[in-house]
$ cat start.pdb   # PDB, C-alpha atoms
ATOM      1  CA  MET A   1      23.043   5.025   1.128
ATOM      2  CA  GLY A   2      24.059   5.314   4.771
ATOM      3  CA  THR A   3      23.580   8.156   7.217
ATOM      4  CA  LEU A   4      27.068   9.587   6.769
ATOM      5  CA  GLU A   5      26.788   9.587   2.997
ATOM      6  CA  LEU A   6      23.333  11.199   3.149
ATOM      7  CA  LYS A   7      24.607  13.941   5.451
ATOM      8  CA  SER A   8      27.609  14.535   3.222
ATOM      9  CA  ASP A   9      25.468  14.726   0.082
ATOM     10  CA  LEU A  10      22.968  17.052   1.767
ATOM     11  CA  TYR A  11      25.763  19.362   2.842
ATOM     12  CA  LYS A  12      27.150  19.453  -0.705
ATOM     13  CA  ILE A  13      23.721  20.280  -2.133
ATOM     14  CA  LEU A  14      23.055  22.967   0.477
ATOM     15  CA  ASP A  15      26.487  24.453  -0.081
ATOM     16  CA  ARG A  16      25.704  25.002  -3.786
ATOM     17  CA  ILE A  17      22.344  26.719  -3.174
ATOM     18  CA  GLU A  18      22.524  30.515  -3.338
ATOM     19  CA  ASN A  19      18.766  31.160  -3.041
ATOM     20  CA  GLU A  20      18.223  32.367   0.536
ATOM     21  CA  GLU A  21      14.473  31.748   0.435
ATOM     22  CA  LEU A  22      15.002  28.156  -0.637
ATOM     23  CA  LEU A  23      17.595  27.665   2.094
ATOM     24  CA  GLN A  24      15.178  29.110   4.667
ATOM     25  CA  THR A  25      12.438  26.769   3.463
ATOM     26  CA  VAL A  26      14.725  23.746   3.725
ATOM     27  CA  TYR A  27      15.878  24.887   7.159
ATOM     28  CA  ASP A  28      12.316  25.400   8.396
ATOM     29  CA  PHE A  29      11.261  22.015   7.054
ATOM     30  CA  LEU A  30      14.174  20.197   8.681
ATOM     31  CA  LYS A  31      13.771  22.076  11.964
ATOM     32  CA  LEU A  32      10.081  21.184  12.072
ATOM     33  CA  LYS A  33      10.800  17.533  11.347
ATOM     34  CA  GLU A  34      13.696  17.326  13.791
ATOM     35  CA  ASN A  35      11.421  16.574  16.748
ATOM     36  CA  ALA A  36       8.327  15.211  14.992
ATOM     37  CA  PRO A  37       7.486  11.515  15.307
ATOM     38  CA  GLU A  38       8.954   9.752  12.299
ATOM     39  CA  GLY A  39       6.550   9.291   9.408
ATOM     40  CA  LEU A  40       3.488  10.546  11.278
ATOM     41  CA  ILE A  41       2.162  12.737   8.470
ATOM     42  CA  TRP A  42       3.358  10.470   5.666
ATOM     43  CA  LYS A  43       1.411   7.518   7.077
ATOM     44  CA  THR A  44      -1.840   9.491   6.879
ATOM     45  CA  LEU A  45      -1.489  10.198   3.134
ATOM     46  CA  SER A  46      -3.197   8.165   0.438
ATOM     47  CA  GLU A  47      -1.111   6.731  -2.413
ATOM     48  CA  GLU A  48      -2.410   9.504  -4.686
ATOM     49  CA  GLU A  49      -1.361  12.173  -2.157
ATOM     50  CA  LYS A  50       2.096  10.605  -1.868
ATOM     51  CA  LYS A  51       2.448  10.721  -5.662
ATOM     52  CA  GLU A  52       1.511  14.414  -5.573
ATOM     53  CA  VAL A  53       4.196  15.077  -2.958
ATOM     54  CA  TYR A  54       6.827  13.362  -5.101
ATOM     55  CA  LEU A  55       5.675  15.252  -8.195
ATOM     56  CA  SER A  56       5.748  18.569  -6.337
ATOM     57  CA  PHE A  57       9.268  17.854  -5.158
ATOM     58  CA  GLU A  58      10.438  17.058  -8.695
ATOM     59  CA  GLU A  59       8.812  20.224 -10.046
ATOM     60  CA  SER A  60      10.394  22.326  -7.294
ATOM     61  CA  GLU A  61      13.841  21.460  -8.612
ATOM     62  CA  ASP A  62      13.199  23.809 -11.554
ATOM     63  CA  ASP A  63      13.508  27.427 -10.343
ATOM     64  CA  GLN A  64      10.935  28.517 -12.941
ATOM     65  CA  ASN A  65       8.300  26.597 -10.981
ATOM     66  CA  LEU A  66       9.044  28.437  -7.737
ATOM     67  CA  ILE A  67       7.180  31.476  -6.426
ATOM     68  CA  ASP A  68       9.177  34.094  -4.561
ATOM     69  CA  TRP A  69       8.333  34.666  -0.896
ATOM     70  CA  GLU A  70       7.144  38.252  -1.434
ATOM     71  CA  SER A  71       4.508  37.103  -3.954
ATOM     72  CA  ILE A  72       3.270  34.470  -1.540
ATOM     73  CA  LYS A  73       3.015  36.962   1.326
ATOM     74  CA  LYS A  74       0.928  39.291  -0.878
ATOM     75  CA  LYS A  75      -1.624  36.535  -1.429
TER
END
$ encode --input "start.pdb" --output "C-alpha coordinates"
Amino acid sequence: MGTLELKSDLYKILDRIENEELLQTVYDFLKLKENAPEGLIWKTLSEEEKKEVYLSFEESEDDQNLIDWESIKKK
(Lines of atoms letter the chains of each structure in order from A and count residues from 1; the text may use other names and numbers.)
(Lines give C-alpha, C1' and ligand atoms only; values in the text may rest on other atoms or scores of the structure.)
Protein backbone atom coordinates (compact mmCIF):
# COMPACT_ATOMS: atom_id res chain seq x y z
CA MET A 1 0.00 0.00 0.00
CA GLY A 2 1.48 3.33 -1.05
CA THR A 3 1.43 6.68 0.71
CA LEU A 4 -1.50 8.06 -1.27
CA GLU A 5 -3.61 4.99 -0.64
CA LEU A 6 -2.75 5.03 3.07
CA LYS A 7 -3.72 8.69 3.36
CA SER A 8 -6.95 8.07 1.49
CA ASP A 9 -7.86 5.09 3.67
CA LEU A 10 -7.01 7.00 6.86
CA TYR A 11 -9.22 9.87 5.79
CA LYS A 12 -12.10 7.49 5.08
CA ILE A 13 -11.72 5.85 8.50
CA LEU A 14 -11.48 9.19 10.30
CA ASP A 15 -14.48 10.50 8.41
CA ARG A 16 -16.64 7.64 9.75
CA ILE A 17 -15.62 8.13 13.41
CA GLU A 18 -18.15 10.10 15.44
CA ASN A 19 -16.45 9.65 18.84
CA GLU A 20 -14.78 12.99 19.59
CA GLU A 21 -12.54 11.54 22.30
CA LEU A 22 -11.24 8.89 19.94
CA LEU A 23 -10.62 11.51 17.26
CA GLN A 24 -8.74 13.67 19.78
CA THR A 25 -6.62 10.69 20.80
CA VAL A 26 -5.76 9.90 17.18
CA TYR A 27 -5.00 13.56 16.53
CA ASP A 28 -2.76 13.84 19.60
CA PHE A 29 -0.93 10.65 18.66
CA LEU A 30 -0.32 11.76 15.08
CA LYS A 31 0.68 15.27 16.14
CA LEU A 32 3.18 13.86 18.62
CA LYS A 33 4.64 11.50 16.03
CA GLU A 34 4.75 14.13 13.29
CA ASN A 35 8.15 15.45 14.40
CA ALA A 36 9.52 12.46 16.33
CA PRO A 37 12.42 10.48 14.87
CA GLU A 38 10.96 7.54 12.99
CA GLY A 39 10.74 4.33 14.99
CA LEU A 40 12.65 5.65 18.00
CA ILE A 41 10.29 4.24 20.63
CA TRP A 42 9.40 1.11 18.66
CA LYS A 43 13.06 0.10 18.41
CA THR A 44 13.38 0.11 22.20
CA LEU A 45 10.53 -2.38 22.72
CA SER A 46 11.04 -6.10 23.23
CA GLU A 47 9.16 -8.56 21.02
CA GLU A 48 6.75 -9.22 23.90
CA GLU A 49 6.08 -5.48 24.30
CA LYS A 50 5.45 -5.15 20.56
CA LYS A 51 2.93 -8.00 20.74
CA GLU A 52 1.18 -6.19 23.60
CA VAL A 53 0.97 -3.01 21.52
CA TYR A 54 -0.60 -4.92 18.62
CA LEU A 55 -3.03 -6.67 20.97
CA SER A 56 -4.00 -3.38 22.60
CA PHE A 57 -4.65 -1.86 19.20
CA GLU A 58 -6.87 -4.77 18.17
CA GLU A 59 -8.81 -4.58 21.44
CA SER A 60 -9.27 -0.82 21.06
CA GLU A 61 -11.28 -1.38 17.90
CA ASP A 62 -14.16 -2.63 20.08
CA ASP A 63 -15.83 0.38 21.76
CA GLN A 64 -16.75 -1.81 24.75
CA ASN A 65 -13.04 -2.02 25.60
CA LEU A 66 -12.62 1.76 25.70
CA ILE A 67 -12.76 3.93 28.81
CA ASP A 68 -14.28 7.38 28.48
CA TRP A 69 -12.01 10.37 29.11
CA GLU A 70 -13.94 11.55 32.18
CA SER A 71 -13.39 8.20 33.94
CA ILE A 72 -9.69 8.35 33.19
CA LYS A 73 -9.38 11.91 34.52
CA LYS A 74 -11.07 10.84 37.78
CA LYS A 75 -8.40 8.21 38.34
$ atom_distance --input "start.pdb" --atom1 "CA of Val26 in chain A" --atom2 "CA of Trp69 in chain A"
13.5 Å
$ closest_residue --input "start.pdb" --among "A:Asp9, A:Glu34, A:Glu21, A:Glu52" --to "Ile67 in chain A" --atoms "only C-alpha atoms"
A:Glu21
$ atom_distance --input "start.pdb" --atom1 "CA of Val53 in chain A" --atom2 "CA of Ile41 in chain A"
11.8 Å
$ atom_distance --input "start.pdb" --atom1 "CA of Phe29 in chain A" --atom2 "CA of Glu47 in chain A"
21.8 Å
$ closest_residue --input "start.pdb" --among "A:Ser60, A:Lys74, A:Lys51, A:Asp68" --to "Glu20 in chain A" --atoms "all atoms listed in the file"
A:Asp68
$ axis_aligned_box --input "start.pdb" --around "range 26-29 of chain A" --padding-each-side "8 Å" --output "JSON"
{"center_x": 13.6, "center_y": 23.7, "center_z": 6.1, "size_x": 20.6, "size_y": 19.4, "size_z": 20.7}
$ closest_residue --input "start.pdb" --among "A:Leu22, A:Glu38, A:Lys43, A:Leu32" --to "Asp62 in chain A" --atoms "all atoms listed in the file"
A:Leu22
